[in-house]
Amino acid sequence: MRDSLTKPRLSREHTHELLRQMIRIRRFEAKCAELYSAEKIRGFLHLYDGEEAIAVGVMKSLRPEDAVVATYREHGHALARGVAMGPVMAEMFGKMTGCSRGRGGSMHLFDAASRFYGGNAIVGGGLPLATGLALADRMSGRERVTACFFGEGAVAEGEFHESMNLAALWKLPVLFICENNLYAMGTALDRSEAETDIHKKAGVYGMPAEVVDGMDVVAVEAAASRAVTAIQRYDGPRFLECRTYRFRPHSMFDAQLYRSKEEVEAWRRHDPLERFTDWLRGSGLLHDEELATIGIAVAKEVEEAVAFAERGEWEPVEHLTRYVYMDEVPA
C-alpha cells in the first residue's frame, strides 16, 4: 500500500530535511534553556535534548490526517509534527498568542490543525487518550493512525496496561512509541522494573513489537514506517521501543545525582545529530556549505520565534474564567 514508506528514503532532499528538523529541535530547546535562566520562561521545563531522532523519524511515517499524542517532553514532537515555532515559543512564555493560548505552557502544547493532541503533564496520561482517539476512528470508519509517545516510566502506570489490553483486544490503529531513555525522572530502569526489555511487555498482550536504536533517525523512520503500514492493513496496534538517552537532566530543577558525568559523556558520543551529520558527510550527501545554510536558516527561525513570543500579549485578567465553563449551555 505504501511501499515507499517501508524503506529509508535516503535522497539528498530527504536526508537534509531529517537533519534540519533535528537541528530545529536542538536549537529551539537550547534557546528555551537560555530563556528559562533569564526567567522569560517559568514553571517546569523538560528538554528533549538527545532524543530528537525519535520524533523526527516517526513523524515522517505519518500523514496529515493521523493523530499524535505526546508527553510533557513534547517540544520536539510538536515542532516535528509541523506546529509553527512562533506559537510554540509564545506558549512557553505564557502569552495569549501561544498554541494553547498561553494556558498550557511547556507541558501542554496543543494544535488542532496538525492533529497534535498534546502535551500531557501526567505520566502515562496520553495512553488512554490515544486509545480513545483510535477507537473513535475505528468506530467512524476513518482510516487513520494515532501515534502515542511515552517514556519508559509510563509502563509502571495502570493506564499503560489498560491501554495495551484494549488496543490489542479491539485491534485499534495505534502506534505506541516508548522513548526509553533509561531514567524515569531520577530512577534507573533496572531499579524500578523487573523486566527492562520494555517491548516484551507489549508481547504479553499479543502486540507485535520492535526494538529500535533511538539515536538513529533513519532506523526510527524505517521501523515506524513498517509499523504504520501494518496498522493500515488493519493488523491492529504496533509497539516500538526506541532506546535513547536524554543529555540534560529530567527537568531544569534536577541535580541529576543519580548518574555520573562519565555516563552522560559516553552517551554524547552517540549524539543523533552528530552521528547523522558524519554519516551524511561520509556518504557525500552533505557538504559543509549546505550544513551552514541549514544552520543559518534555523537560527533565523528561532530568532523570529522569540521575537513573536516577545510581541505577544498577556491574556487579560478578566478572561481568567473563560473556557473553564461554557459561556452558553447547548439547547
# chains A, B, ... in the order shown; residues from 1 in each chain; ligands from 1

$ closest_atom_pairs --of "stretch 26-100 of chain A" --to "stretch 257-276 of chain A" --cutoff "10 Å" --atoms "only C-alpha atoms" --output "tab-separated table"
residue	atom	partner	partner_atom	distance
A:Arg26	CA	A:Leu273	CA	8.8
A:Asp49	CA	A:Asp271	CA	9.4
A:Gly50	CA	A:Asp271	CA	6.3
A:Glu51	CA	A:Pro272	CA	7.7
A:Glu52	CA	A:Pro272	CA	7.3
A:Ala53	CA	A:Pro272	CA	6.2
A:Ile54	CA	A:Pro272	CA	9.5

$ write_last_selection --atoms "N, CA, C and O atoms" --output "PDB file, in the first residue's frame"
ATOM      1  N   ARG A  26      16.887  20.918  18.425  1.00  0.00           N
ATOM      2  CA  ARG A  26      18.044  21.135  19.312  1.00  0.00           C
ATOM      3  C   ARG A  26      18.248  22.632  19.577  1.00  0.00           C
ATOM      4  O   ARG A  26      18.443  23.048  20.724  1.00  0.00           O
ATOM      5  N   ASP A  49      16.574  17.078  24.560  1.00  0.00           N
ATOM      6  CA  ASP A  49      17.940  17.039  24.054  1.00  0.00           C
ATOM      7  C   ASP A  49      18.509  15.617  24.042  1.00  0.00           C
ATOM      8  O   ASP A  49      18.669  14.994  25.092  1.00  0.00           O
ATOM      9  N   GLY A  50      18.816  15.088  22.871  1.00  0.00           N
ATOM     10  CA  GLY A  50      19.344  13.739  22.725  1.00  0.00           C
ATOM     11  C   GLY A  50      18.349  12.767  22.117  1.00  0.00           C
ATOM     12  O   GLY A  50      18.733  11.718  21.611  1.00  0.00           O
ATOM     13  N   GLU A  51      17.057  13.132  22.158  1.00  0.00           N
ATOM     14  CA  GLU A  51      16.019  12.209  21.705  1.00  0.00           C
ATOM     15  C   GLU A  51      15.389  12.635  20.378  1.00  0.00           C
ATOM     16  O   GLU A  51      14.382  12.071  19.949  1.00  0.00           O
ATOM     17  N   GLU A  52      15.995  13.614  19.717  1.00  0.00           N
ATOM     18  CA  GLU A  52      15.395  14.225  18.524  1.00  0.00           C
ATOM     19  C   GLU A  52      15.107  13.237  17.397  1.00  0.00           C
ATOM     20  O   GLU A  52      14.140  13.401  16.636  1.00  0.00           O
ATOM     21  N   ALA A  53      15.945  12.224  17.266  1.00  0.00           N
ATOM     22  CA  ALA A  53      15.790  11.289  16.145  1.00  0.00           C
ATOM     23  C   ALA A  53      14.460  10.547  16.204  1.00  0.00           C
ATOM     24  O   ALA A  53      13.919  10.152  15.163  1.00  0.00           O
ATOM     25  N   ILE A  54      13.918  10.372  17.395  1.00  0.00           N
ATOM     26  CA  ILE A  54      12.674   9.612  17.523  1.00  0.00           C
ATOM     27  C   ILE A  54      11.497  10.424  16.972  1.00  0.00           C
ATOM     28  O   ILE A  54      10.737   9.945  16.127  1.00  0.00           O
TER      29      ILE A  54
END

$ select_by_dssp --residues "stretch 60-244 of chain A" --states "alpha helix (DSSP H)" --output "ChimeraX atom specification"
/A:75-81,85-93,126-140,158-169,189-192,199-204,217-232

$ closest_residue --among "A:Val228, A:Cys178, A:Ala33, A:Met326" --to "A:Leu127" --atoms "only C-alpha atoms"
A:Cys178

$ select_by_dssp --residues "stretch 84-207 of chain A" --states "strand (DSSP E)" --output "JSON, numbers by chain"
{"A": [146, 147, 148, 149, 150, 151, 174, 175, 176, 177, 178, 179, 180, 183, 184, 187, 188]}

$ write_last_selection --atoms "N, CA, C and O atoms" --output "mmCIF file, in the first residue's frame"
data_model
loop_
_atom_site.group_PDB
_atom_site.id
_atom_site.type_symbol
_atom_site.label_atom_id
_atom_site.label_comp_id
_atom_site.auth_asym_id
_atom_site.auth_seq_id
_atom_site.Cartn_x
_atom_site.Cartn_y
_atom_site.Cartn_z
ATOM 1 N N THR A 146 -3.182 6.685 15.052
ATOM 2 C CA THR A 146 -2.809 7.557 16.169
ATOM 3 C C THR A 146 -1.448 7.119 16.700
ATOM 4 O O THR A 146 -1.262 5.949 17.042
ATOM 5 N N ALA A 147 -0.509 8.058 16.722
ATOM 6 C CA ALA A 147 0.822 7.777 17.273
ATOM 7 C C ALA A 147 0.876 8.293 18.700
ATOM 8 O O ALA A 147 0.527 9.441 18.968
ATOM 9 N N CYS A 148 1.311 7.434 19.621
ATOM 10 C CA CYS A 148 1.345 7.794 21.044
ATOM 11 C C CYS A 148 2.762 7.642 21.586
ATOM 12 O O CYS A 148 3.300 6.534 21.644
ATOM 13 N N PHE A 149 3.364 8.764 21.977
ATOM 14 C CA PHE A 149 4.707 8.758 22.564
ATOM 15 C C PHE A 149 4.602 8.724 24.090
ATOM 16 O O PHE A 149 3.756 9.406 24.675
ATOM 17 N N PHE A 150 5.475 7.974 24.715
ATOM 18 C CA PHE A 150 5.539 7.952 26.178
ATOM 19 C C PHE A 150 6.921 7.459 26.593
ATOM 20 O O PHE A 150 7.638 6.835 25.808
ATOM 21 N N GLY A 151 7.278 7.758 27.828
ATOM 22 C CA GLY A 151 8.579 7.323 28.338
ATOM 23 C C GLY A 151 8.490 5.974 29.010
ATOM 24 O O GLY A 151 7.392 5.447 29.265
ATOM 25 N N VAL A 174 -3.301 2.039 16.532
ATOM 26 C CA VAL A 174 -2.415 2.855 17.361
ATOM 27 C C VAL A 174 -0.963 2.409 17.178
ATOM 28 O O VAL A 174 -0.676 1.219 17.165
ATOM 29 N N LEU A 175 -0.089 3.376 17.066
ATOM 30 C CA LEU A 175 1.352 3.107 17.104
ATOM 31 C C LEU A 175 1.863 3.611 18.445
ATOM 32 O O LEU A 175 1.883 4.821 18.691
ATOM 33 N N PHE A 176 2.226 2.694 19.328
ATOM 34 C CA PHE A 176 2.779 3.051 20.630
ATOM 35 C C PHE A 176 4.294 3.181 20.502
ATOM 36 O O PHE A 176 4.954 2.248 20.023
ATOM 37 N N ILE A 177 4.823 4.325 20.925
ATOM 38 C CA ILE A 177 6.270 4.571 20.829
ATOM 39 C C ILE A 177 6.818 4.856 22.221
ATOM 40 O O ILE A 177 6.567 5.920 22.797
ATOM 41 N N CYS A 178 7.563 3.901 22.759
ATOM 42 C CA CYS A 178 8.181 4.091 24.069
ATOM 43 C C CYS A 178 9.570 4.699 23.876
ATOM 44 O O CYS A 178 10.440 4.080 23.253
ATOM 45 N N GLU A 179 9.772 5.880 24.412
ATOM 46 C CA GLU A 179 11.072 6.535 24.356
ATOM 47 C C GLU A 179 11.831 6.145 25.629
ATOM 48 O O GLU A 179 11.687 6.793 26.670
ATOM 49 N N ASN A 180 12.584 5.094 25.519
ATOM 50 C CA ASN A 180 13.267 4.533 26.688
ATOM 51 C C ASN A 180 14.615 5.230 26.873
ATOM 52 O O ASN A 180 15.617 4.847 26.263
ATOM 53 N N TYR A 183 15.886 6.455 32.406
ATOM 54 C CA TYR A 183 15.628 7.052 33.717
ATOM 55 C C TYR A 183 14.222 7.653 33.788
ATOM 56 O O TYR A 183 13.945 8.646 33.122
ATOM 57 N N ALA A 184 13.363 7.024 34.562
ATOM 58 C CA ALA A 184 12.056 7.617 34.827
ATOM 59 C C ALA A 184 12.266 8.685 35.892
ATOM 60 O O ALA A 184 12.476 8.365 37.058
ATOM 61 N N THR A 187 15.084 7.705 38.513
ATOM 62 C CA THR A 187 15.224 6.302 38.904
ATOM 63 C C THR A 187 15.638 5.461 37.703
ATOM 64 O O THR A 187 14.950 5.440 36.694
ATOM 65 N N ALA A 188 16.767 4.792 37.831
ATOM 66 C CA ALA A 188 17.242 3.946 36.735
ATOM 67 C C ALA A 188 16.247 2.828 36.469
ATOM 68 O O ALA A 188 15.609 2.302 37.391
#

$ closest_residue --among "A:Gln21, A:Thr15, A:Thr131, A:Asn120" --to "A:Ala167" --atoms "only C-alpha atoms"
A:Thr131

$ atom_distance --atom1 "atom CA of A:Val217" --atom2 "atom CA of A:Ala168"
27.2 Å

$ residues_around --residues "A:Glu313" --least-positions-apart "5" --cutoff "9 Å" --atoms "only C-alpha atoms" --output "MDAnalysis selection string"
chainID A and resid 95:97

$ atom_distance --atom1 "atom CA of A:Met59" --atom2 "atom CA of A:Gly98"
22.0 Å

$ closest_residue --among "A:Gln232, A:Gly153, A:Tyr48, A:Ala30" --to "A:Ser61" --atoms "only C-alpha atoms"
A:Gln232

$ residues_around --residues "A:Thr244" --least-positions-apart "2" --cutoff "6 Å" --atoms "only C-alpha atoms" --output "PyMOL selection string"
chain A and resi 180-181+214-215

$ closest_residue --among "A:Ala70, A:Val306, A:Ala154, A:Ala90" --to "A:His108" --atoms "only C-alpha atoms"
A:Ala70

$ residues_around --residues "A:Thr196" --least-positions-apart "6" --cutoff "10 Å" --atoms "only C-alpha atoms" --output "list in words"
Glu152, Asn180, Leu182, Leu189 and Asp190 of chain A

$ write_last_selection --atoms "C-alpha atoms" --output "PDB file, in the first residue's frame"
ATOM      1  CA  GLU A 152       9.650   4.067  29.945  1.00  0.00           C
ATOM      2  CA  ASN A 180      13.267   4.533  26.688  1.00  0.00           C
ATOM      3  CA  LEU A 182      16.726   4.684  30.935  1.00  0.00           C
ATOM      4  CA  LEU A 189      15.143   1.460  34.812  1.00  0.00           C
ATOM      5  CA  ASP A 190      16.739  -1.600  36.436  1.00  0.00           C
TER       6      ASP A 190
END

$ atom_distance --atom1 "atom CA of A:Val58" --atom2 "atom CA of A:Glu221"
5.4 Å

$ residues_around --residues "A:Tyr234" --least-positions-apart "4" --cutoff "8 Å" --atoms "only C-alpha atoms" --output "list of chain:residue names"
A:Lys171, A:Pro173, A:Ala230

$ closest_residue --among "A:Gly102, A:Pro249, A:Ala121, A:Ile25" --to "A:Leu320" --atoms "only C-alpha atoms"
A:Gly102

$ closest_atom_pairs --of "stretch 97-173 of chain A" --to "stretch 62-66 of chain A" --cutoff "9 Å" --atoms "only C-alpha atoms" --output "tab-separated table"
residue	atom	partner	partner_atom	distance
A:Ser114	CA	A:Pro64	CA	6.7
A:Arg115	CA	A:Asp66	CA	7.0
A:Glu143	CA	A:Asp66	CA	8.7
A:Arg144	CA	A:Asp66	CA	5.2
A:Val145	CA	A:Asp66	CA	5.0
A:Thr146	CA	A:Asp66	CA	5.7
A:Ala147	CA	A:Asp66	CA	7.6
